Amino acid sequence: MHSSKIALLAAVAALICTNASAQQPVKASGRYLSKPVNIDVPAMRGVTNVPVFFAAAEYTIRGGGIFDGARGVISQIGDVHGDTILLEGVAKFDKAGSTYVNRWSGHCLNLKSGTGTVMTCAGGWFTLPGATGQFANLVASGTWKGTMTPEGDFDAEWDAVYTK
């Protein structure tokens with residue numbers, strides 16, 4: 001079910017990107033290392049033994065043309081199903097006073113190996129309307145994948161197709 005949701009989101013985003021502008025779509029790719037930040041979710045105070053979590057992280061995009069140097073703040077909700085985590089959320093990016101917001105979803109798997117457990121994750125994303133400054137009229141979509149580091153950070157790479 002979740003894979004079909006990602007496929008549907010990616011198809012809709014690709015259709016939007018194709019029809020949004022007469023300009024040729026541009027491909028971009030890059031990396032980021034997100035660092036978790038503490039958040040307070042009032043609805044979850046005192047709630048335990050529930051297979052749902054809320055989290056936030058911050059990162060700076062490296063590479064990707066117009067996206068390079070954009071600082072992101074991400075919020076997410078995760079549903080835990082054994083060794084699989086279904087994730088979705090939003091991320092806001094700022095670069096020199098310009099902003100854009102994307103919506104994303106994906107899944108993580110805890111893979112066991114001879115050296116321990118490694119969490120690997122993948123998913124898709126697309127921009128939401130309302131970008132400002134140099135990101136005004138940005139329409140983008142793409143995929144992301146990465147792994148959790150031993151320090152608890154998320155090391156990821158992403159790709160995109162966008163028009164402006």
# chains A, B, ... in the order shown; residues from 1 in each chain; ligands from 1

call {"tool": "residues_around", "arguments": {"residues": "A:His107", "least_positions_apart": "2", "cutoff": "12 Å", "atoms": "only C-alpha atoms", "output": "PDB file with N, CA and C atoms, in the first residue's frame"}}
result
ATOM      1  N   MET A   1       0.822  -1.192   0.000  1.00  0.00           N
ATOM      2  CA  MET A   1       0.000   0.000   0.000  1.00  0.00           C
ATOM      3  C   MET A   1       0.867   1.256   0.000  1.00  0.00           C
ATOM      4  N   HIS A   2       1.915   1.292   0.844  1.00  0.00           N
ATOM      5  CA  HIS A   2       2.741   2.483   0.927  1.00  0.00           C
ATOM      6  C   HIS A   2       3.514   2.711  -0.368  1.00  0.00           C
ATOM      7  N   SER A   3       4.009   1.641  -1.001  1.00  0.00           N
ATOM      8  CA  SER A   3       4.739   1.772  -2.259  1.00  0.00           C
ATOM      9  C   SER A   3       3.845   2.365  -3.334  1.00  0.00           C
ATOM     10  N   LYS A   5       1.426   4.424  -2.800  1.00  0.00           N
ATOM     11  CA  LYS A   5       1.250   5.836  -2.444  1.00  0.00           C
ATOM     12  C   LYS A   5       2.430   6.648  -2.954  1.00  0.00           C
ATOM     13  N   ILE A   6       3.661   6.129  -2.787  1.00  0.00           N
ATOM     14  CA  ILE A   6       4.855   6.819  -3.283  1.00  0.00           C
ATOM     15  C   ILE A   6       4.793   6.918  -4.803  1.00  0.00           C
ATOM     16  N   GLN A  76       8.611  15.129  10.652  1.00  0.00           N
ATOM     17  CA  GLN A  76       8.121  13.852  10.139  1.00  0.00           C
ATOM     18  C   GLN A  76       7.325  13.095  11.187  1.00  0.00           C
ATOM     19  N   ILE A  77       6.512  12.187  10.674  1.00  0.00           N
ATOM     20  CA  ILE A  77       5.821  11.218  11.517  1.00  0.00           C
ATOM     21  C   ILE A  77       6.176   9.847  10.965  1.00  0.00           C
ATOM     22  N   GLY A  78       6.418   8.912  11.849  1.00  0.00           N
ATOM     23  CA  GLY A  78       6.773   7.560  11.441  1.00  0.00           C
ATOM     24  C   GLY A  78       5.873   6.536  12.102  1.00  0.00           C
ATOM     25  N   ASP A  79       5.479   5.534  11.330  1.00  0.00           N
ATOM     26  CA  ASP A  79       4.703   4.389  11.829  1.00  0.00           C
ATOM     27  C   ASP A  79       5.631   3.189  11.821  1.00  0.00           C
ATOM     28  N   VAL A  80       5.808   2.556  12.968  1.00  0.00           N
ATOM     29  CA  VAL A  80       6.717   1.426  13.093  1.00  0.00           C
ATOM     30  C   VAL A  80       5.941   0.121  12.941  1.00  0.00           C
ATOM     31  N   HIS A  81       6.406  -0.714  12.015  1.00  0.00           N
ATOM     32  CA  HIS A  81       5.798  -2.018  11.757  1.00  0.00           C
ATOM     33  C   HIS A  81       6.919  -3.056  11.761  1.00  0.00           C
ATOM     34  N   ASP A  83      10.354  -4.375  11.569  1.00  0.00           N
ATOM     35  CA  ASP A  83      11.612  -3.826  11.063  1.00  0.00           C
ATOM     36  C   ASP A  83      11.410  -2.790   9.962  1.00  0.00           C
ATOM     37  N   THR A  84      10.160  -2.412   9.702  1.00  0.00           N
ATOM     38  CA  THR A  84       9.849  -1.419   8.669  1.00  0.00           C
ATOM     39  C   THR A  84       9.237  -0.187   9.321  1.00  0.00           C
ATOM     40  N   ILE A  85       9.663   0.991   8.859  1.00  0.00           N
ATOM     41  CA  ILE A  85       9.103   2.256   9.334  1.00  0.00           C
ATOM     42  C   ILE A  85       8.571   3.004   8.123  1.00  0.00           C
ATOM     43  N   LEU A  86       7.306   3.391   8.156  1.00  0.00           N
ATOM     44  CA  LEU A  86       6.708   4.211   7.107  1.00  0.00           C
ATOM     45  C   LEU A  86       6.783   5.659   7.564  1.00  0.00           C
ATOM     46  N   LEU A  87       7.310   6.531   6.710  1.00  0.00           N
ATOM     47  CA  LEU A  87       7.552   7.925   7.072  1.00  0.00           C
ATOM     48  C   LEU A  87       6.845   8.871   6.118  1.00  0.00           C
ATOM     49  N   GLU A  88       6.478  10.038   6.622  1.00  0.00           N
ATOM     50  CA  GLU A  88       6.024  11.123   5.771  1.00  0.00           C
ATOM     51  C   GLU A  88       6.198  12.424   6.523  1.00  0.00           C
ATOM     52  N   GLY A  89       6.288  13.512   5.775  1.00  0.00           N
ATOM     53  CA  GLY A  89       6.480  14.789   6.421  1.00  0.00           C
ATOM     54  C   GLY A  89       6.594  15.931   5.433  1.00  0.00           C
ATOM     55  N   TRP A 104       7.078  14.964   1.403  1.00  0.00           N
ATOM     56  CA  TRP A 104       7.816  13.745   1.104  1.00  0.00           C
ATOM     57  C   TRP A 104       7.238  12.555   1.844  1.00  0.00           C
ATOM     58  N   SER A 105       7.572  11.364   1.370  1.00  0.00           N
ATOM     59  CA  SER A 105       7.198  10.134   2.062  1.00  0.00           C
ATOM     60  C   SER A 105       8.222   9.066   1.694  1.00  0.00           C
ATOM     61  N   LEU A 109      14.006   0.365   6.360  1.00  0.00           N
ATOM     62  CA  LEU A 109      14.114  -1.039   6.738  1.00  0.00           C
ATOM     63  C   LEU A 109      15.320  -1.210   7.637  1.00  0.00           C
ATOM     64  N   ASN A 110      15.151  -1.950   8.720  1.00  0.00           N
ATOM     65  CA  ASN A 110      16.273  -2.324   9.571  1.00  0.00           C
ATOM     66  C   ASN A 110      16.834  -3.628   9.029  1.00  0.00           C
ATOM     67  N   MET A 119      19.993   0.761   9.257  1.00  0.00           N
ATOM     68  CA  MET A 119      18.708   1.267   8.782  1.00  0.00           C
ATOM     69  C   MET A 119      18.936   1.942   7.441  1.00  0.00           C
ATOM     70  N   THR A 120      18.253   1.478   6.420  1.00  0.00           N
ATOM     71  CA  THR A 120      18.331   2.075   5.091  1.00  0.00           C
ATOM     72  C   THR A 120      16.932   2.560   4.704  1.00  0.00           C
ATOM     73  N   CYS A 121      16.861   3.715   4.056  1.00  0.00           N
ATOM     74  CA  CYS A 121      15.582   4.359   3.775  1.00  0.00           C
ATOM     75  C   CYS A 121      15.541   4.864   2.335  1.00  0.00           C
ATOM     76  N   ALA A 122      14.332   4.995   1.784  1.00  0.00           N
ATOM     77  CA  ALA A 122      14.152   5.533   0.436  1.00  0.00           C
ATOM     78  C   ALA A 122      12.734   6.076   0.300  1.00  0.00           C
ATOM     79  N   GLY A 123      12.563   7.004  -0.638  1.00  0.00           N
ATOM     80  CA  GLY A 123      11.238   7.547  -0.872  1.00  0.00           C
ATOM     81  C   GLY A 123      11.222   8.579  -1.970  1.00  0.00           C
ATOM     82  N   GLY A 124      10.149   9.359  -2.016  1.00  0.00           N
ATOM     83  CA  GLY A 124       9.969  10.383  -3.028  1.00  0.00           C
ATOM     84  C   GLY A 124       9.534  11.700  -2.415  1.00  0.00           C
ATOM     85  N   THR A 143      13.481  11.742  -5.910  1.00  0.00           N
ATOM     86  CA  THR A 143      13.603  10.635  -4.971  1.00  0.00           C
ATOM     87  C   THR A 143      14.747  10.910  -4.005  1.00  0.00           C
ATOM     88  N   TRP A 144      14.769  10.152  -2.917  1.00  0.00           N
ATOM     89  CA  TRP A 144      15.853  10.242  -1.936  1.00  0.00           C
ATOM     90  C   TRP A 144      16.124   8.849  -1.404  1.00  0.00           C
ATOM     91  N   LYS A 145      17.354   8.640  -0.933  1.00  0.00           N
ATOM     92  CA  LYS A 145      17.704   7.380  -0.279  1.00  0.00           C
ATOM     93  C   LYS A 145      18.893   7.639   0.629  1.00  0.00           C
ATOM     94  N   GLY A 146      18.982   6.849   1.686  1.00  0.00           N
ATOM     95  CA  GLY A 146      20.088   7.039   2.607  1.00  0.00           C
ATOM     96  C   GLY A 146      20.108   6.010   3.717  1.00  0.00           C
ATOM     97  N   THR A 147      21.061   6.193   4.620  1.00  0.00           N
ATOM     98  CA  THR A 147      21.225   5.293   5.760  1.00  0.00           C
ATOM     99  C   THR A 147      21.476   6.104   7.026  1.00  0.00           C
TER     100      THR A 147
END

call {"tool": "residues_around", "arguments": {"residues": "A:Ala96", "least_positions_apart": "5", "cutoff": "10 Å", "atoms": "only C-alpha atoms", "output": "list of chain:residue names"}}
result
A:Gly69, A:Ala70, A:Arg71, A:Gly133, A:Gln134

call {"tool": "write_last_selection", "arguments": {"atoms": "C-alpha atoms", "output": "mmCIF file, in the first residue's frame"}}
result
data_model
loop_
_atom_site.group_PDB
_atom_site.id
_atom_site.type_symbol
_atom_site.label_atom_id
_atom_site.label_comp_id
_atom_site.auth_asym_id
_atom_site.auth_seq_id
_atom_site.Cartn_x
_atom_site.Cartn_y
_atom_site.Cartn_z
ATOM 1 C CA GLY A 69 23.483 25.597 0.155
ATOM 2 C CA ALA A 70 19.772 25.593 1.021
ATOM 3 C CA ARG A 71 19.234 24.907 4.730
ATOM 4 C CA GLY A 133 12.656 34.653 -4.165
ATOM 5 C CA GLN A 134 14.962 32.646 -6.400
#

call {"tool": "closest_residue", "arguments": {"among": "A:Gly65, A:Gly152, A:Gly142, A:Pro36", "to": "A:Asn102", "atoms": "only C-alpha atoms"}}
result
A:Gly142

call {"tool": "select_by_dssp", "arguments": {"residues": "stretch 41-157 of chain A", "states": "helix (DSSP H, G or I)", "output": "list in words"}}
result
Pro42, Ala43, Met44, Gly65, Ile66, Phe67, Gly133, Gln134 and Phe135 of chain A

call {"tool": "closest_residue", "arguments": {"among": "A:Thr115, A:Ala136, A:Tyr32, A:Pro42", "to": "A:Glu157", "atoms": "only C-alpha atoms"}}
result
A:Tyr32

call {"tool": "select_by_dssp", "arguments": {"residues": "stretch 19-159 of chain A", "states": "strand (DSSP E)", "output": "PyMOL selection string"}}
result
chain A and resi 26-37+52-60+71-81+84-95+98-113+116-127+139-148+154-159

call {"tool": "atom_distance", "arguments": {"atom1": "atom CA of A:Leu128", "atom2": "atom CA of A:Phe93"}}
result
11.6 Å

call {"tool": "atom_distance", "arguments": {"atom1": "atom CA of A:Val47", "atom2": "atom CA of A:Ser75"}}
result
19.1 Å

call {"tool": "closest_residue", "arguments": {"among": "A:Phe67, A:Tyr100, A:Phe135, A:Phe154", "to": "A:Lys27", "atoms": "only C-alpha atoms"}}
result
A:Phe67

call {"tool": "closest_residue", "arguments": {"among": "A:Asp159, A:Pro150, A:Val41, A:Pro25", "to": "A:Ile61", "atoms": "only C-alpha atoms"}}
result
A:Asp159

call {"tool": "residues_around", "arguments": {"residues": "A:Ala57", "least_positions_apart": "4", "cutoff": "9 Å", "atoms": "only C-alpha atoms", "output": "list in words"}}
result
Ser34, Lys35, Pro36, Val37, Asn38, Gly72, Val73, Ile74, Ser75, Gln76 and Asp153 of chain A

call {"tool": "atom_distance", "arguments": {"atom1": "atom CA of A:Ser113", "atom2": "atom CA of A:Ala55"}}
result
26.1 Å

call {"tool": "residues_around", "arguments": {"residues": "A:Ser141", "least_positions_apart": "3", "cutoff": "6 Å", "atoms": "only C-alpha atoms", "output": "PyMOL selection string"}}
result
chain A and resi 13+125-126+160-161

call {"tool": "write_last_selection", "arguments": {"atoms": "N, CA and C atoms", "output": "mmCIF file, in the first residue's frame"}}
result
data_model
loop_
_atom_site.group_PDB
_atom_site.id
_atom_site.type_symbol
_atom_site.label_atom_id
_atom_site.label_comp_id
_atom_site.auth_asym_id
_atom_site.auth_seq_id
_atom_site.Cartn_x
_atom_site.Cartn_y
_atom_site.Cartn_z
ATOM 1 N N ALA A 13 3.450 14.374 -9.241
ATOM 2 C CA ALA A 13 4.484 15.412 -9.250
ATOM 3 C C ALA A 13 5.137 15.522 -10.623
ATOM 4 N N TRP A 125 9.619 12.779 -3.208
ATOM 5 C CA TRP A 125 9.245 14.100 -2.716
ATOM 6 C C TRP A 125 8.783 14.981 -3.875
ATOM 7 N N PHE A 126 8.064 16.062 -3.550
ATOM 8 C CA PHE A 126 7.677 17.074 -4.535
ATOM 9 C C PHE A 126 7.481 18.399 -3.823
ATOM 10 N N ALA A 160 16.420 15.127 -8.562
ATOM 11 C CA ALA A 160 15.243 15.945 -8.847
ATOM 12 C C ALA A 160 15.146 16.236 -10.328
ATOM 13 N N VAL A 161 13.950 16.533 -10.751
ATOM 14 C CA VAL A 161 13.668 17.161 -12.031
ATOM 15 C C VAL A 161 12.870 18.397 -11.679
#

call {"tool": "decode", "arguments": {"residues": "stretch 41-95 of chain A", "atoms": "C-alpha atoms", "output": "CSV table (one decimal), in the first residue's frame"}}
result
chain,number,residue,atom,x,y,z
A,41,VAL,CA,4.7,17.2,20.5
A,42,PRO,CA,2.0,18.1,23.0
A,43,ALA,CA,-0.3,15.3,21.8
A,44,MET,CA,2.3,12.7,22.6
A,45,ARG,CA,3.3,13.8,26.1
A,46,GLY,CA,3.1,10.9,28.4
A,47,VAL,CA,2.1,8.5,25.6
A,48,THR,CA,4.2,5.3,25.6
A,49,ASN,CA,4.1,1.9,23.9
A,50,VAL,CA,2.6,3.4,20.7
A,51,PRO,CA,4.3,2.5,17.4
A,52,VAL,CA,4.2,6.1,16.1
A,53,PHE,CA,6.9,8.7,16.5
A,54,PHE,CA,7.4,12.4,15.6
A,55,ALA,CA,10.9,13.7,14.7
A,56,ALA,CA,12.7,16.7,13.3
A,57,ALA,CA,16.1,17.3,11.7
A,58,GLU,CA,18.1,20.0,10.1
A,59,TYR,CA,20.5,19.9,7.2
A,60,THR,CA,22.2,21.8,4.4
A,61,ILE,CA,22.0,20.6,0.8
A,62,ARG,CA,25.3,20.0,-1.1
A,63,GLY,CA,25.2,20.0,-4.9
A,64,GLY,CA,22.1,20.2,-7.0
A,65,GLY,CA,22.5,23.6,-8.8
A,66,ILE,CA,20.0,26.1,-7.4
A,67,PHE,CA,19.4,23.9,-4.4
A,68,ASP,CA,23.1,24.0,-3.3
A,69,GLY,CA,23.5,25.6,0.2
A,70,ALA,CA,19.8,25.6,1.0
A,71,ARG,CA,19.2,24.9,4.7
A,72,GLY,CA,16.4,22.5,5.5
A,73,VAL,CA,14.3,21.9,8.6
A,74,ILE,CA,12.3,18.7,8.3
A,75,SER,CA,9.4,17.4,10.4
A,76,GLN,CA,8.1,13.9,10.1
A,77,ILE,CA,5.8,11.2,11.5
A,78,GLY,CA,6.8,7.6,11.4
A,79,ASP,CA,4.7,4.4,11.8
A,80,VAL,CA,6.7,1.4,13.1
A,81,HIS,CA,5.8,-2.0,11.8
A,82,GLY,CA,8.4,-4.5,13.0
A,83,ASP,CA,11.6,-3.8,11.1
A,84,THR,CA,9.8,-1.4,8.7
A,85,ILE,CA,9.1,2.3,9.3
A,86,LEU,CA,6.7,4.2,7.1
A,87,LEU,CA,7.6,7.9,7.1
A,88,GLU,CA,6.0,11.1,5.8
A,89,GLY,CA,6.5,14.8,6.4
A,90,VAL,CA,7.3,18.3,5.2
A,91,ALA,CA,10.5,20.2,4.9
A,92,LYS,CA,11.1,23.9,4.6
A,93,PHE,CA,14.3,25.2,2.9
A,94,ASP,CA,15.8,28.7,3.1
A,95,LYS,CA,18.6,30.1,1.0
